[in-house]
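Okay, structure first, notes after.
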Amino acid sequence: MSYLKRAFVAALCAVTFAWSQTTTDPNLTVDIVITGLSQPTCLLFHVRGNPNEFLVGEKASGQVKLVRNGSVEAIALDLPVANNSERGLLGIAMDPAFDTNRYVYIYYSRSTSDGGTWLDNRVSRFTWNPSASTLTGETLIISFPSDTTQNNGPNHDGGIIQFGPDGKLYGITGDLNRGFLTNTRIEQNTASATSGRYANVGGIFRINTNSTIPADNPFFAQTASQLRRLWAYGIRNSFGMMFDSLTGRLWFTENGPNLFDEINIAHKGMNSGWLKIMGPDSRNATYTENGNVAYNADQLTILPNSQYYDPLYSWRSPIGVTSINFLRSARYETNIRDAALAGDANLGNLYKFDVNANRDDLILTGGVADRVADSSTERNLNRWGTGWGVITDMDIGADGYMYMTSLSNGAVYRLRPINPPTVLNGECRWLGYLGERLGIPVTLDLFNGTTLVETIVVEADAFGKFSTRPAAPGNYTIVAKSPQALSKRLTGVTLPSGGYAYVLIDFDILGDANNDNLIDDSDLAMLLEAFGTNLPTTDFNGDGIVDDVDLSVLLMNFGLSGESP
């Protein structure tokens, strides 16, 4: 039985980790947002700008509950789930176009009744009805069905799903115990790439919202859809996956057997090594205790366009590592802001890891400089809190605080500073823009009436979001400007002392090539000079070439000017 499975079973049999939640940071405190939930696994802030209303999924009941102001207001959805071991309702994600289509995606273990016979693991799409507080109209997106020739779990189900900055749906599946040496499979590195023996699970999949497979997937040239849909493979099991919005890189945790839990970056085409390698390749080649066989990375099944990567960090004795996320918020001081947090299932701990300047590695010193916590002493070098139970999800709310679900404690917690600063949080959208949002500068002019009080320059993250600290609280009119777009005015923005405001900025008029807040002859001249090139200042739709589409955008908006206070 896996370490994580033991922890899940223990959590179902008793209320564990019931003591108070702590962190080692004296400037932080923990709020209990809601208790009395039944094994919550995932949460979703579905109302833009409102952290006091969210959906939370429960593992064994298959229910998605609407929580508003700390109380359960409604059962939005009740799915029949197989819930033994690690099965159940495991993941939830919101469509990037949720404001218009109201789509919500759920990963769950399907059955005919709660606790009944397992039929498949699947991701289905539902439509949110805000007036009735329900999710309705199931549409199957992807299924991982029963297979009479292979193991079907009940553990190693994975279940985390996330939308990437590219608008694609990413999800992680465990190996369902498939692919062991007596039943060789490609995704578990126990069969050759040409064997035609597929586990159908054991990796990170990447698909379009209509269930088709993106042509830029690393294995799209493969014949088998089991491989074409993969972003990464060789993954034993995971209950943690999250995009770092400052880079767009995908991070995930991986659960080991009797050796080595991991933190990884999911590079495109990554082979994570299972079942031949857990932990660093150099360590795996020497460990033969407890029945483990020593392997090297050169013994893995390397699909075309794939590569093995060592984990960034490993726990030699597994902790049942679970959720991972980043403190991406100006609510937190710079010494912890944008750090990575991870939870566990076995000890109820919370771990903090500082990330390097390029955000492609962890800063590890002392006993863990070799990237492995070999003892409890080394493990505790990054322990940041205790009493959290089995943390299954973490997300930043519109207020800039980190929210966490605890399966074993049946609760949602909020991590906040004791003396919170005033913050301005928000999201920018560029109408018709297909390019990357990461790093686009946005100038925010804060006005009191027509008097300019402060100018703040922020950069959008990979999802178009930002978080910043204004100089002073107050009531403001904000004029926002970004390159190519005309300025937008937002009135009545209140920034209370110690509080927050959340703004949505739709840059819906593009064509301002010279950034003078007017679309005129000079912009047209710049576009015509750059026609046929990839000059970004005149590539208004972000598709990598200045062409007729960009010309149409400019002509449609010709003569328009930006808004003022």
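Order determines the names: the first chain of the structure tokens is A, the second B, and so forth; residues in each chain are numbered 1 upward, and ligands are numbered 1 upward as they are shown.
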
Requested in this report: Please provide the set of residues having any atom within 6 Å of segment 124-129 of chain A, restricted to only C-alpha atoms, with same-chain residues fewer than 6 positions apart removed, written as number ranges by chain.
Outcome: A: 102-106, 135-141

Could the residues in this selection be saved with all heavy atoms as a compact mmCIF listing (two decimals), in the first residue's frame?
# COMPACT_ATOMS: atom_id res chain seq x y z
N ARG A 102 -19.77 29.82 -18.88
CA ARG A 102 -20.13 29.26 -17.57
C ARG A 102 -19.69 27.80 -17.41
O ARG A 102 -20.28 27.05 -16.62
CB ARG A 102 -21.64 29.38 -17.30
CG ARG A 102 -22.16 30.80 -17.32
CD ARG A 102 -21.62 31.59 -16.16
NE ARG A 102 -22.13 32.95 -16.15
CZ ARG A 102 -21.74 33.88 -15.28
NH1 ARG A 102 -20.84 33.58 -14.38
NH2 ARG A 102 -22.23 35.10 -15.33
N TYR A 103 -18.64 27.38 -18.09
CA TYR A 103 -18.21 25.98 -18.04
C TYR A 103 -17.30 25.71 -16.84
O TYR A 103 -16.37 26.48 -16.56
CB TYR A 103 -17.47 25.59 -19.30
CG TYR A 103 -18.34 25.49 -20.54
CD1 TYR A 103 -17.76 25.59 -21.81
CD2 TYR A 103 -19.71 25.28 -20.46
CE1 TYR A 103 -18.54 25.50 -22.95
CE2 TYR A 103 -20.50 25.17 -21.60
CZ TYR A 103 -19.91 25.29 -22.84
OH TYR A 103 -20.67 25.20 -23.97
N VAL A 104 -17.56 24.60 -16.16
CA VAL A 104 -16.73 24.11 -15.07
C VAL A 104 -16.40 22.64 -15.36
O VAL A 104 -17.27 21.88 -15.78
CB VAL A 104 -17.43 24.24 -13.71
CG1 VAL A 104 -16.64 23.54 -12.61
CG2 VAL A 104 -17.65 25.71 -13.36
N TYR A 105 -15.15 22.25 -15.12
CA TYR A 105 -14.68 20.90 -15.42
C TYR A 105 -14.38 20.17 -14.12
O TYR A 105 -13.79 20.75 -13.20
CB TYR A 105 -13.44 20.95 -16.31
CG TYR A 105 -13.68 21.66 -17.63
CD1 TYR A 105 -13.78 23.05 -17.69
CD2 TYR A 105 -13.83 20.93 -18.80
CE1 TYR A 105 -14.02 23.70 -18.90
CE2 TYR A 105 -14.07 21.58 -20.01
CZ TYR A 105 -14.16 22.96 -20.05
OH TYR A 105 -14.41 23.60 -21.24
N ILE A 106 -14.75 18.89 -14.06
CA ILE A 106 -14.58 18.11 -12.83
C ILE A 106 -13.96 16.76 -13.18
O ILE A 106 -14.40 16.08 -14.11
CB ILE A 106 -15.92 17.92 -12.11
CG1 ILE A 106 -16.44 19.27 -11.61
CG2 ILE A 106 -15.78 16.94 -10.94
CD1 ILE A 106 -17.81 19.22 -10.99
N LEU A 135 -24.74 23.07 -11.01
CA LEU A 135 -23.93 22.66 -12.16
C LEU A 135 -24.71 21.58 -12.89
O LEU A 135 -25.08 20.56 -12.31
CB LEU A 135 -22.57 22.12 -11.70
CG LEU A 135 -21.59 23.15 -11.14
CD1 LEU A 135 -20.46 22.45 -10.38
CD2 LEU A 135 -21.01 24.01 -12.26
N THR A 136 -24.95 21.77 -14.17
CA THR A 136 -25.82 20.86 -14.92
C THR A 136 -25.20 20.52 -16.27
O THR A 136 -24.23 21.13 -16.71
CB THR A 136 -27.20 21.50 -15.16
OG1 THR A 136 -27.03 22.71 -15.90
CG2 THR A 136 -27.90 21.80 -13.85
N GLY A 137 -25.81 19.53 -16.94
CA GLY A 137 -25.49 19.23 -18.32
C GLY A 137 -24.13 18.61 -18.53
O GLY A 137 -23.27 19.20 -19.18
N GLU A 138 -23.92 17.40 -18.02
CA GLU A 138 -22.60 16.76 -18.13
C GLU A 138 -22.23 16.45 -19.58
O GLU A 138 -23.00 15.86 -20.33
CB GLU A 138 -22.56 15.48 -17.30
CG GLU A 138 -21.22 14.75 -17.38
CD GLU A 138 -21.09 13.60 -16.40
OE1 GLU A 138 -22.09 13.26 -15.74
OE2 GLU A 138 -19.99 13.04 -16.30
N THR A 139 -21.01 16.84 -19.96
CA THR A 139 -20.42 16.50 -21.25
C THR A 139 -19.07 15.86 -20.99
O THR A 139 -18.19 16.48 -20.36
CB THR A 139 -20.24 17.74 -22.13
OG1 THR A 139 -21.51 18.33 -22.38
CG2 THR A 139 -19.59 17.38 -23.46
N LEU A 140 -18.86 14.63 -21.46
CA LEU A 140 -17.60 13.93 -21.26
C LEU A 140 -16.49 14.59 -22.08
O LEU A 140 -16.65 14.82 -23.28
CB LEU A 140 -17.73 12.47 -21.66
CG LEU A 140 -16.45 11.63 -21.56
CD1 LEU A 140 -15.97 11.54 -20.13
CD2 LEU A 140 -16.68 10.24 -22.16
N ILE A 141 -15.36 14.88 -21.43
CA ILE A 141 -14.21 15.46 -22.11
C ILE A 141 -13.12 14.42 -22.35
O ILE A 141 -12.59 14.31 -23.45
CB ILE A 141 -13.64 16.65 -21.30
CG1 ILE A 141 -14.71 17.73 -21.11
CG2 ILE A 141 -12.41 17.24 -21.99
CD1 ILE A 141 -15.25 18.31 -22.41

Query raised in the report: Near Asp216 of chain A, counting only C-alpha atoms, which residues have an atom at most 12 Å away, once you skip same-chain residues fewer than 2 positions from it, shown as a list in words?
Result: Asp166, Lys168, Arg206, Ile207, Asn208, Thr212, Ile213, Pro214, Pro218, Phe219, Phe220, Ala221, Arg228, Arg229, Leu230, Trp231, Lys268, Gly269 and Asn305 of chain A

Query raised in the report: Using only C-alpha atoms, which residues sit within 7 Å of segment 484-500 of chain A once same-chain residues fewer than 2 positions away are excluded, as a VMD selection string?
Result: chain A and resid 399 420 to 424 473 to 482 502 507 509 to 513 515 517 537 540 561 to 565

**Report entry** Long-range neighbours of Asp338 of chain A as a PyMOL selection string, 8 Å cut-off, only C-alpha atoms, 3 positions minimum in chain
**Finding:** chain A and resi 326-329+354-355

Requested in this report: Figure out the distance between atom CA of Arg249 of chain A and atom CA of Glu427 of chain A, please, to one decimal in Å.
Outcome: 19.2 Å

Shell of 6 Å around segment 522-535 of chain A, only C-alpha atoms, local chain residues under 6 positions omitted, as a compact mmCIF listing (two decimals) with C-alpha atoms, in the first residue's frame:
# COMPACT_ATOMS: atom_id res chain seq x y z
CA ALA A 513 1.16 51.15 -32.25
CA GLY A 544 3.42 36.38 -34.65
CA ILE A 545 2.99 38.20 -37.95
CA VAL A 546 1.84 41.67 -39.01
CA ASP A 547 -0.79 41.00 -41.66

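The list of residues with at least one atom within 6 Å of segment 76-79 of chain A, based on only C-alpha atoms and without residues fewer than 4 positions apart in the same chain, reads Gly62, Gln63, Val64, Lys65, Ser133, Thr134 and Leu135 of chain A.
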
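Within segment 121-258 of chain A, residues classed as alpha helix (DSSP H) by DSSP on backbone coordinates are Ser225, Gln226, Leu227 and Arg228 of chain A.
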
Write a file of the selected residues as an mmCIF file, in the first residue's frame, keeping N, CA, C and O atoms.
data_model
loop_
_atom_site.group_PDB
_atom_site.id
_atom_site.type_symbol
_atom_site.label_atom_id
_atom_site.label_comp_id
_atom_site.auth_asym_id
_atom_site.auth_seq_id
_atom_site.Cartn_x
_atom_site.Cartn_y
_atom_site.Cartn_z
ATOM 1 N N SER A 225 -3.424 7.666 -29.613
ATOM 2 C CA SER A 225 -3.947 8.828 -28.879
ATOM 3 C C SER A 225 -3.495 8.819 -27.433
ATOM 4 O O SER A 225 -3.390 9.880 -26.799
ATOM 5 N N GLN A 226 -3.213 7.626 -26.881
ATOM 6 C CA GLN A 226 -2.746 7.544 -25.497
ATOM 7 C C GLN A 226 -1.454 8.334 -25.301
ATOM 8 O O GLN A 226 -1.193 8.855 -24.212
ATOM 9 N N LEU A 227 -0.632 8.401 -26.345
ATOM 10 C CA LEU A 227 0.617 9.155 -26.274
ATOM 11 C C LEU A 227 0.453 10.572 -26.790
ATOM 12 O O LEU A 227 1.061 11.508 -26.261
ATOM 13 N N ARG A 228 -0.356 10.754 -27.803
ATOM 14 C CA ARG A 228 -0.504 12.073 -28.417
ATOM 15 C C ARG A 228 -1.041 13.108 -27.431
ATOM 16 O O ARG A 228 -0.706 14.287 -27.519
#

Report task. Considering only C-alpha atoms, return as a PyMOL selection string whatever protein or nucleic-acid residues lie within 6 Å of segment 430-437 of chain A, sequence-local ones (same chain, fewer than 4 positions apart) excluded. Result -> chain A and resi 462+464+507-508+541-543

Requested write-out: N, CA and C atoms of the selected residues, as an mmCIF file, in the first residue's frame:
data_model
loop_
_atom_site.group_PDB
_atom_site.id
_atom_site.type_symbol
_atom_site.label_atom_id
_atom_site.label_comp_id
_atom_site.auth_asym_id
_atom_site.auth_seq_id
_atom_site.Cartn_x
_atom_site.Cartn_y
_atom_site.Cartn_z
ATOM 1 N N ALA A 462 1.325 35.399 -16.393
ATOM 2 C CA ALA A 462 0.959 34.549 -17.528
ATOM 3 C C ALA A 462 -0.543 34.451 -17.732
ATOM 4 N N GLY A 464 -2.512 37.133 -17.086
ATOM 5 C CA GLY A 464 -2.980 38.507 -17.210
ATOM 6 C C GLY A 464 -3.261 39.182 -15.889
ATOM 7 N N PHE A 507 -9.037 45.585 -22.136
ATOM 8 C CA PHE A 507 -8.465 46.404 -23.196
ATOM 9 C C PHE A 507 -9.076 45.927 -24.523
ATOM 10 N N ASP A 508 -10.177 46.559 -24.906
ATOM 11 C CA ASP A 508 -10.955 46.068 -26.036
ATOM 12 C C ASP A 508 -10.778 46.884 -27.305
ATOM 13 N N ASN A 541 -2.980 41.185 -32.916
ATOM 14 C CA ASN A 541 -3.657 39.975 -32.432
ATOM 15 C C ASN A 541 -2.682 38.952 -31.873
ATOM 16 N N GLY A 542 -1.392 39.268 -31.843
ATOM 17 C CA GLY A 542 -0.408 38.423 -31.182
ATOM 18 C C GLY A 542 -0.172 37.079 -31.810
ATOM 19 N N ASP A 543 -0.408 36.959 -33.131
ATOM 20 C CA ASP A 543 -0.216 35.657 -33.768
ATOM 21 C C ASP A 543 1.164 35.508 -34.391
#

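Atom CA of Arg316 of chain A sits 5.2 Å away from atom CA of Asp374 of chain A.
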
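Using only C-alpha atoms for every distance, the candidate list A:Thr35, A:Asn346, A:Thr112, A:Thr468 yields A:Thr468 as the residue closest to Thr334 of chain A.
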
Query raised in the report: Looking only at the backbone, which of the residues in segment 402-526 of chain A does DSSP tag as strand (DSSP E or B), as a PyMOL selection string?
Result: chain A and resi 402-406+411-417+423-430+441-448+451-459+465-468+474-481+484-485+488-495+500-507+510-512+518

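Going from atom CA of Gly171 of chain A to atom CA of Gly159 of chain A covers 6.8 Å.
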
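Between Asn335 of chain A and the candidates A:Asp548, A:Thr149, A:Asp25, A:Asn380, the tightest atom-to-atom separation, counting only C-alpha atoms, involves A:Asp25.
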